[in-house]
Every structure is written in structure tokens, then in C-alpha cells.
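Below: the structure, in C-alpha cells.
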Amino acid sequence: MLMLRADQIQELKAQFRITDESPWGDLASFQSVQALFDPQICRTYLEKISEKFQTTSLVVVASQFAKRYSYLLVVPTLYAMSVYHKGLPVHPNNCYIQSYDEGQLWLPRLALADWQVDQPIENRARWREQLLRKLFAGNVAKVWAALQQSTGIQPAILWENTTIYIQWIYQQFIQHRAESQVAEDDLHFLLHQASPELFGAPFQPLQKFASAGNRKTCCLYYLTNPEQSLCKGCPRQRIRKRRSMVLT
């Protein structure tokens, strides 16, 4: 049985809001990811957490939840893949979302029921492909499909949320911790070489949104705060600027 080292688990807990707390403890605070594949259960869950975002729009809640889910699941999985060369067990029936508040912010954690990992034996490229298929097509894409079916949110918003976190984790963390060539190869594969099939999508969603510039879609964050402040690079920034120029 292959496990992460204690220091690796501690690093994931400290950096990426992953927890080794058992989901069988306080069942009321844990949500099964597998259950969220059901659009009705997904909708009920979004209604439950909508108060965290000060909005009744489930489209807005779906986008904000997707940002957090990308951070909880995708970020530590890619970090472990590129830095530790280990694959986290991210099959849906092993993943649970623990509700957690820090002050006024809802910052949930990811709990894994089983921490047994795998690693490449001979062919790392094939192992990487299998892990990414499990992560995206087998997990993320199915949650995104339930969000779309239950709220009508555009898949493009969800995938761009994911892409931004992937670029961020490689630029801010992985490139400083992993072997440079490994980090470069893994990111290039994700953004430019991985097939749509690995993402359970009709197109390669990361390549569509990978850029160093502004977002193509709005994540709707501005609808969760009274000031209606926008994220940096939001396309609505450009709209507001044009309107301001017209009014002046």
C-alpha cells in the first residue's frame, strides 16, 4: 500500500485546504461528491450554501462553488502529480466536501476517505494521462454537468474557472518545487496536448481559455458583494470602462 509521507500530507493540508479528517466523523458537515452527480441533489446543495454568497441566484452560486471545487480538487492533485509524482485517489466516491467558514468567507475543505496513492512505474506519460482522465472526465466534468443541468450555467464559465487555477498553481507553486522540465512538460500537456476525451468534454477546455491576459467569461463574483466589485481581468471591466468614457 503506497501512501503519501506525513510531511507531504501536512504540506497539502497547509497549502491547499485538503484535510485528513475522516468524513465519517460529523456527517452533517460533509457532502459526498458522488452524490452531487445527481442534478437534484446538486441543486439542493447549492440552495443550502447560497446564503454563504449573499445571493439567491443559483447560477452565481454554481460559479462560486466551481471556483472553490477547482481549488480543492484540481490544485492539490496536480501539485502531488508534478511535485511528488504521486496520484491522489480522486475517484468521486472517495471525495467529500467539508463545509468550513473562516470569518465571513466560506472556504470548504476536501476530505479523502482513503489516502492510498499510486505512482508511475515505467511510463510516466501514460500514468499522467490515466490520472488526468480520472480527475477531469471521471470527476470534475461530471460535477460541471450537474451544475449546468441544475442551474443552466454556461460550461465555459466553469472551465475557465478551472483553467485559471491550473495556471496559477504551476506559476506560483509547482515551478518552484518540481523539476523544471517535469513542471513545464506537465503544464504544456494539460494546456495544449491533452485530448478532449481526458476532460469528458467535446473540446479541449483548458486550451480554449489558457492565456496570460484577461478572462473571456465573467465568473459572476460581482453579484455576491454589495459594491459589485469585479475580479482583476474580468471582461466586465472593459464594459464598465467604455460606459464610463461615454458618460464623461
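FYI, nothing fancy with the C-alpha cells labels: chains A, B, ... in order, residues from 1 per chain, ligands from 1 as they appear.
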Near-segment 108-113 of chain A list (9 Å; only C-alpha atoms; drop same-chain fewer than 4 positions) as a VMD selection string
chain A and resid 16 to 24 30 68 to 69 72 to 73 88 to 90 93 to 101
Can you tell me which residues surround Ala62 of chain A at a distance of at most 8 Å, considering only C-alpha atoms, apart from same-chain residues fewer than 2 positions away, and format the answer as number ranges by chain?
A: 46, 58-60, 64-66, 147, 151, 153
Rank A:Phe53, A:Phe199, A:Trp168, A:Tyr84 by their smallest atom-to-atom distance to Leu187 of chain A, using only C-alpha atoms, and report the top residue only.
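Checking each candidate against Leu187 of chain A, we get A:Trp168 as the closest.
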Strand (DSSP E) per DSSP on the backbone: members of segment 70-233 of chain A, as number ranges by chain
A: 95-98, 101-102, 105-106, 109-112
Considering only C-alpha atoms, can you say which of A:Asp7, A:Glu227, A:Asp185, A:Asp38 comes closest to Ala125 of chain A?
A:Asp185
Can you check which parts of segment 156-227 of chain A lie within 8 Å of segment 138-146 of chain A? Per residue, the shortest pair of atoms and distance in Å to one decimal, counting only C-alpha atoms, sorted by chain and number, as a tab-separated table.
residue	atom	partner	partner_atom	distance
A:Leu158	CA	A:Trp144	CA	6.8
A:Phe199	CA	A:Ala141	CA	6.5
A:Gly200	CA	A:Ala141	CA	5.9
A:Ala201	CA	A:Ala141	CA	7.3
Selection: 9 Å around Leu78 of chain A, only C-alpha atoms, excl. self and same-chain fewer than 3 positions, as a list in words:
Leu73, Val74, Val75, Met81, Ser82, Val83, Gly87, Leu88, Leu132, Ile166, Ile169, Tyr170, Ile174 and Asp186 of chain A
Please build the interface table for segment 62-181 of chain A against segment 8-15 of chain A with a cut-off of 9 Å, listing for each qualifying residue the nearest atom pair and the distance in Å to one decimal; count only C-alpha atoms, order rows by chain and increasing number, and write it as a Markdown table.
| residue | atom | partner | partner_atom | distance |
| --- | --- | --- | --- | --- |
| A:Pro76 | CA | A:Leu12 | CA | 6.5 |
| A:Tyr79 | CA | A:Leu12 | CA | 8.6 |
| A:Ala80 | CA | A:Leu12 | CA | 8.4 |
| A:Tyr84 | CA | A:Gln8 | CA | 8.1 |
Once you have the residues from the selection above, write them out as a tab-separated table (two decimals), in the first residue's frame, restricted to C-alpha atoms.
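Written out: out.tsv:
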chain	number	residue	atom	x	y	z
A	76	PRO	CA	-3.65	19.52	-4.86
A	79	TYR	CA	0.66	19.52	-7.20
A	80	ALA	CA	1.03	15.93	-6.00
A	84	TYR	CA	5.59	14.18	-5.56
Nearest residue to Thr55 of chain A out of A:Pro226, A:Cys231, A:Glu122, A:Gln104, using only C-alpha atoms?
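Among the listed residues, A:Pro226 lies closest to Thr55 of chain A.
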Quick one, how far is atom CA of Glu197 of chain A from atom CA of Ala156 of chain A?
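Pair atom CA of Glu197 of chain A / atom CA of Ala156 of chain A returns 16.5 Å.
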